[in-house]
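This is final_29.csv (CSV, C-alpha atoms).
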```csv
chain,number,residue,atom,x,y,z
A,19,MET,CA,-3.3,7.6,-15.3
A,20,THR,CA,-0.3,5.9,-16.8
A,21,GLU,CA,-1.1,2.8,-18.8
A,22,ASN,CA,0.1,-0.4,-17.1
A,23,ALA,CA,0.8,1.6,-13.9
A,24,LYS,CA,2.5,-0.2,-11.0
A,25,LEU,CA,1.8,0.2,-7.3
A,26,PHE,CA,4.1,-0.7,-4.5
A,27,ILE,CA,2.6,-1.0,-1.0
A,28,GLU,CA,4.6,-0.9,2.2
A,29,THR,CA,2.5,-2.1,5.2
A,30,TYR,CA,3.3,-1.0,8.8
A,31,GLY,CA,1.6,-2.2,11.9
A,32,CYS,CA,-0.9,-4.9,12.7
A,33,GLN,CA,-2.3,-7.8,10.7
A,34,MET,CA,-5.4,-5.7,10.1
A,35,ASN,CA,-3.2,-3.4,8.1
A,36,VAL,CA,-2.0,-6.3,6.0
A,37,ALA,CA,-5.7,-7.0,5.2
A,38,ASP,CA,-6.3,-3.3,4.5
A,39,SER,CA,-3.3,-3.4,2.1
A,40,GLU,CA,-5.1,-6.2,0.2
A,41,VAL,CA,-8.2,-4.0,0.0
A,42,ILE,CA,-6.1,-1.1,-1.3
A,43,ALA,CA,-4.5,-3.3,-3.9
A,44,SER,CA,-7.9,-4.6,-5.0
A,45,ILE,CA,-9.3,-1.1,-5.4
A,46,MET,CA,-6.3,0.2,-7.2
A,47,LYS,CA,-6.3,-2.9,-9.5
A,48,SER,CA,-9.8,-1.7,-10.6
A,49,ALA,CA,-8.3,1.7,-11.4
A,50,GLY,CA,-5.6,0.2,-13.6
A,51,TYR,CA,-2.7,-0.2,-11.1
A,52,ASP,CA,-1.1,-3.6,-10.8
A,53,THR,CA,0.9,-4.2,-7.6
A,54,THR,CA,4.6,-4.9,-7.9
A,55,GLN,CA,7.2,-6.4,-5.6
A,56,SER,CA,9.9,-4.0,-6.9
A,57,ILE,CA,9.9,-0.5,-5.6
A,58,ASP,CA,12.0,0.5,-8.6
A,59,GLU,CA,9.2,-0.4,-11.0
A,60,ALA,CA,6.5,1.5,-9.0
A,61,ASP,CA,4.7,4.5,-10.5
A,62,ALA,CA,3.1,5.0,-7.0
A,63,ILE,CA,4.2,4.0,-3.6
A,64,PHE,CA,1.6,3.8,-0.8
A,65,LEU,CA,2.6,3.5,2.9
A,66,ASN,CA,-0.2,1.8,4.9
A,67,THR,CA,0.4,3.1,8.4
A,68,CYS,CA,-0.2,2.5,12.0
A,69,SER,CA,0.1,5.3,14.6
A,70,ILE,CA,-0.1,3.3,17.8
A,71,ARG,CA,3.4,4.2,18.9
A,72,GLU,CA,5.4,7.4,18.3
A,73,ASN,CA,8.2,5.3,16.9
A,74,ALA,CA,5.9,3.9,14.2
A,75,GLU,CA,5.2,7.4,13.0
A,76,GLN,CA,8.8,8.4,13.1
A,77,LYS,CA,9.6,5.5,10.7
A,78,ILE,CA,7.0,7.0,8.3
A,79,TRP,CA,8.4,10.5,8.5
A,80,ASN,CA,11.9,9.1,7.7
A,81,ARG,CA,10.5,6.9,4.9
A,82,LEU,CA,8.8,9.9,3.3
A,83,ASP,CA,12.1,11.7,3.2
A,84,ALA,CA,13.7,8.8,1.5
A,85,LEU,CA,10.8,8.4,-1.0
A,86,ASN,CA,10.9,12.2,-1.7
A,87,ALA,CA,14.6,11.8,-2.6
A,88,MET,CA,13.6,8.9,-5.0
A,89,LYS,CA,10.9,11.1,-6.5
A,90,LYS,CA,13.4,13.9,-7.2
A,91,LYS,CA,15.8,11.4,-8.9
A,92,ARG,CA,12.8,10.4,-11.1
A,93,GLY,CA,12.1,14.0,-12.1
A,94,GLY,CA,8.9,14.1,-10.0
A,95,LYS,CA,7.4,11.1,-11.7
A,96,LEU,CA,6.3,9.2,-8.6
A,97,LEU,CA,3.1,9.4,-6.5
A,98,ILE,CA,3.6,9.0,-2.8
A,99,GLY,CA,0.6,8.1,-0.7
A,100,VAL,CA,0.0,7.6,3.0
A,101,MET,CA,-2.9,5.5,4.1
A,102,GLY,CA,-4.4,4.3,7.4
A,103,CYS,CA,-4.4,5.6,10.9
A,104,MET,CA,-1.5,8.0,10.7
A,105,ALA,CA,-3.0,9.5,7.6
A,106,GLU,CA,-6.3,10.1,9.4
A,107,ARG,CA,-4.6,11.7,12.3
A,108,THR,CA,-1.9,13.9,10.7
A,109,LYS,CA,-3.6,14.8,7.3
A,110,GLU,CA,-2.1,18.1,6.0
A,111,GLU,CA,1.2,17.6,7.9
A,112,LEU,CA,1.7,14.6,5.6
A,113,VAL,CA,1.1,16.7,2.5
A,114,GLU,CA,3.6,19.2,3.8
A,115,HIS,CA,6.1,16.3,4.2
A,116,HIS,CA,5.9,15.1,0.6
A,117,ALA,CA,2.8,12.9,0.5
A,118,ASP,CA,0.7,13.4,-2.7
A,119,ILE,CA,-2.2,11.3,-1.4
A,120,VAL,CA,-3.5,11.0,2.1
A,121,ALA,CA,-6.3,8.5,2.8
A,122,GLY,CA,-7.7,7.4,6.1
A,123,PRO,CA,-8.9,3.8,6.7
A,124,ASP,CA,-12.5,4.6,5.8
A,125,SER,CA,-11.7,6.3,2.5
A,126,TYR,CA,-10.0,3.7,0.4
A,127,LEU,CA,-12.9,3.5,-2.1
A,128,SER,CA,-12.0,7.1,-3.1
A,129,LEU,CA,-8.4,6.2,-4.0
A,130,PRO,CA,-8.9,6.2,-7.8
A,131,GLU,CA,-10.3,9.8,-7.6
A,132,LEU,CA,-7.5,10.8,-5.2
A,133,VAL,CA,-4.8,9.3,-7.5
A,134,ALA,CA,-6.3,11.3,-10.5
A,135,GLN,CA,-6.3,14.4,-8.4
A,136,ALA,CA,-2.6,13.8,-7.5
A,137,GLU,CA,-1.7,13.0,-11.1
A,138,ALA,CA,-3.1,16.4,-12.0
A,139,GLY,CA,-0.7,18.0,-9.6
A,140,PHE,CA,-3.0,18.7,-6.7
A,141,PRO,CA,-2.6,17.3,-3.1
A,142,ALA,CA,-5.4,14.7,-2.5
A,143,ILE,CA,-6.7,14.2,1.0
A,144,ASP,CA,-9.7,12.1,2.2
A,145,THR,CA,-9.8,11.2,5.8
A,146,THR,CA,-13.6,11.0,6.2
A,147,LEU,CA,-14.6,8.7,9.0
A,148,SER,CA,-17.4,6.2,8.5
A,149,THR,CA,-19.4,4.1,10.9
A,150,THR,CA,-20.7,2.0,8.0
A,151,GLU,CA,-17.8,1.3,5.6
A,152,THR,CA,-16.9,-2.4,5.6
A,153,TYR,CA,-15.3,-2.9,2.1
A,154,LYS,CA,-17.5,-5.9,1.8
A,155,ASP,CA,-18.0,-5.2,-1.9
A,156,VAL,CA,-14.2,-5.1,-2.4
A,157,ILE,CA,-13.3,-8.4,-0.7
A,158,HIS,CA,-16.3,-10.6,-0.3
A,159,PRO,CA,-16.8,-12.7,2.9
A,160,GLY,CA,-15.6,-16.2,2.2
A,161,ALA,CA,-13.1,-15.0,-0.4
A,162,GLN,CA,-9.7,-16.6,0.1
A,163,LEU,CA,-6.6,-14.3,0.0
A,164,ARG,CA,-3.0,-15.3,0.3
A,165,ILE,CA,-1.0,-12.9,2.4
A,166,LYS,CA,2.6,-13.0,3.3
A,167,ALA,CA,3.6,-11.0,6.3
A,168,ASN,CA,6.9,-11.2,8.3
A,169,GLY,CA,7.9,-14.4,6.6
A,170,HIS,CA,4.6,-16.2,7.5
A,171,SER,CA,2.1,-17.1,4.9
A,172,ILE,CA,-1.6,-17.2,5.9
A,173,THR,CA,-4.8,-17.7,4.0
A,174,ILE,CA,-7.6,-15.6,5.1
A,175,LEU,CA,-10.8,-17.6,4.8
A,176,SER,CA,-13.2,-14.8,5.6
A,177,LEU,CA,-13.2,-11.2,6.5
A,178,ASP,CA,-16.1,-9.6,8.5
A,179,TYR,CA,-15.2,-6.0,9.2
A,180,THR,CA,-18.6,-5.3,10.8
A,181,ASN,CA,-17.8,-7.7,13.7
A,182,GLN,CA,-14.1,-7.2,13.2
A,183,THR,CA,-13.4,-10.9,13.0
A,184,ILE,CA,-10.7,-12.5,10.9
A,185,THR,CA,-10.7,-16.3,10.4
A,186,PHE,CA,-7.6,-17.7,9.0
A,187,THR,CA,-5.5,-20.8,8.5
A,188,ASP,CA,-1.8,-20.6,9.3
A,189,CYS,CA,-0.2,-22.5,6.4
A,190,ASN,CA,3.1,-22.8,8.2
A,191,SER,CA,1.7,-24.9,11.1
A,192,THR,CA,-1.2,-27.2,11.6
A,193,ASP,CA,-3.6,-25.8,9.0
A,194,SER,CA,-6.3,-25.7,11.7
A,195,PRO,CA,-8.6,-22.7,11.4
A,196,CYS,CA,-8.9,-20.2,14.3
A,197,SER,CA,-10.5,-16.9,14.8
A,198,ILE,CA,-9.3,-13.6,16.1
A,199,ARG,CA,-11.7,-11.0,17.4
A,200,MET,CA,-10.4,-7.5,17.1
A,201,GLN,CA,-11.3,-5.2,20.0
A,202,GLN,CA,-12.4,-1.6,19.4
```

Show me this structure written as structure tokens.
Amino acid sequence: MTENAKLFIETYGCQMNVADSEVIASIMKSAGYDTTQSIDEADAIFLNTCSIRENAEQKIWNRLDALNAMKKKRGGKLLIGVMGCMAERTKEELVEHHADIVAGPDSYLSLPELVAQAEAGFPAIDTTLSTTETYKDVIHPGAQLRIKANGHSITILSLDYTNQTITFTDCNSTDSPCSIRMQQ
């Protein structure tokens, strides 16, 4: 791994993907990658994806083409990763389409090993599904996170992946807490 490595994460889809991007950033921080707001500074770029609509997937395929062009300009010195639902669904097709790392939503804890594998020049895929992974040791219930999405700033007061509940305060309105229960 590069010393002082930088990670740029692009998040597509729902608010749950925004929370998952925070999990990814936290895991990668422990592996020595700091997040950056500048794609030009990034040693690795992860696309955290949604595959609810075909249009969403087409955006990712197009984005992978653009990122591959960037990688070529850098002489191959850029890791490209695809995370989330689309990664779980399309696996090897993503590797064929320039992704170095493919990780499903239940395999984020393996990201440091996948990055090491990709840095060694091998495609890295983990889309193992789990009925028990909650990432509770990555982001603790009750932890406060500041997330900016679509120009709105929210503070997540607690995350409970087992019940799929997010409690948050919308800092741009009344600051009154509310809950959203995600349906499976």

Compile the contact shell of Asn22 in chain A as a PDB file with C-alpha atoms, keeping the file's coordinate frame: residues with an atom at most 9 Å away, counting all atoms listed in the file, same-chain residues fewer than 5 positions apart removed.
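What landed in part.pdb:
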```pdb
ATOM      1  CA  GLY A  50      -5.600   0.200 -13.600  1.00  0.00           C
ATOM      2  CA  TYR A  51      -2.700  -0.200 -11.100  1.00  0.00           C
ATOM      3  CA  ASP A  52      -1.100  -3.600 -10.800  1.00  0.00           C
TER       4      ASP A  52
END
```

Exercise for review: Find the spatial neighbours of Lys95 in chain A, counting all atoms listed in the file, within a cut-off of 9 Å - ignore same-chain residues fewer than 3 positions away - and output them as an MDAnalysis selection string.
Suggested key: chainID A and resid 61:62 89:92

Serialized selection, C-alpha atoms, as a short mmCIF file (atom, residue, chain, number, x, y, z; two decimals), in the frame of the given file:
```cif
data_model
loop_
_atom_site.label_atom_id
_atom_site.label_comp_id
_atom_site.auth_asym_id
_atom_site.auth_seq_id
_atom_site.Cartn_x
_atom_site.Cartn_y
_atom_site.Cartn_z
CA ASP A 61 4.70 4.50 -10.50
CA ALA A 62 3.10 5.00 -7.00
CA LYS A 89 10.90 11.10 -6.50
CA LYS A 90 13.40 13.90 -7.20
CA LYS A 91 15.80 11.40 -8.90
CA ARG A 92 12.80 10.40 -11.10
#
```

Practice item. For CA of Leu127 in chain A and CA of Leu25 in chain A, quote the distance in Å rounded to one decimal. Key: 15.9 Å

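Interatomic distance, CA of Ala105 in chain A against CA of Lys47 in chain A: 21.4 Å.
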
Check your understanding: Which of these, A:Leu82, A:Ile119, A:Val100, A:Val41, has the shortest distance to Ala136 in chain A once you count only C-alpha atoms?
Key -> A:Ile119

Practice item. Quick one: everything within 12 Å of Glu106 in chain A, counting all atoms listed in the file, minus sequence neighbours fewer than 5 positions away in the same chain. Send it as an NGL selection string. Key: :A and (66-69 or 100-101 or 111-112 or 119-126 or 143-148)

Those residues you just picked out, can you put them in a file as a compact mmCIF listing (two decimals), in the frame of the given file with C-alpha atoms?
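Output contents, as saved in part-v8.txt:
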```
# COMPACT_ATOMS: atom_id res chain seq x y z
CA ASN A 66 -0.20 1.80 4.90
CA THR A 67 0.40 3.10 8.40
CA CYS A 68 -0.20 2.50 12.00
CA SER A 69 0.10 5.30 14.60
CA VAL A 100 0.00 7.60 3.00
CA MET A 101 -2.90 5.50 4.10
CA GLU A 111 1.20 17.60 7.90
CA LEU A 112 1.70 14.60 5.60
CA ILE A 119 -2.20 11.30 -1.40
CA VAL A 120 -3.50 11.00 2.10
CA ALA A 121 -6.30 8.50 2.80
CA GLY A 122 -7.70 7.40 6.10
CA PRO A 123 -8.90 3.80 6.70
CA ASP A 124 -12.50 4.60 5.80
CA SER A 125 -11.70 6.30 2.50
CA TYR A 126 -10.00 3.70 0.40
CA ILE A 143 -6.70 14.20 1.00
CA ASP A 144 -9.70 12.10 2.20
CA THR A 145 -9.80 11.20 5.80
CA THR A 146 -13.60 11.00 6.20
CA LEU A 147 -14.60 8.70 9.00
CA SER A 148 -17.40 6.20 8.50
```

Review point. Using all atoms listed in the file, which of the listed residues (A:Ile63, A:Val113, A:Ala74, A:Leu97) sits closest to Ala134 in chain A?
Key: A:Leu97

For Glu59 in chain A: contacts at 9 Å, only C-alpha atoms, fewer than 2 positions along chain excluded, given as an mmCIF file with C-alpha atoms, keeping the file's coordinate frame:
```
data_model
loop_
_atom_site.group_PDB
_atom_site.id
_atom_site.type_symbol
_atom_site.label_atom_id
_atom_site.label_comp_id
_atom_site.auth_asym_id
_atom_site.auth_seq_id
_atom_site.Cartn_x
_atom_site.Cartn_y
_atom_site.Cartn_z
ATOM 1 C CA LYS A 24 2.500 -0.200 -11.000
ATOM 2 C CA LEU A 25 1.800 0.200 -7.300
ATOM 3 C CA PHE A 26 4.100 -0.700 -4.500
ATOM 4 C CA THR A 54 4.600 -4.900 -7.900
ATOM 5 C CA GLN A 55 7.200 -6.400 -5.600
ATOM 6 C CA SER A 56 9.900 -4.000 -6.900
ATOM 7 C CA ILE A 57 9.900 -0.500 -5.600
ATOM 8 C CA ASP A 61 4.700 4.500 -10.500
#
```
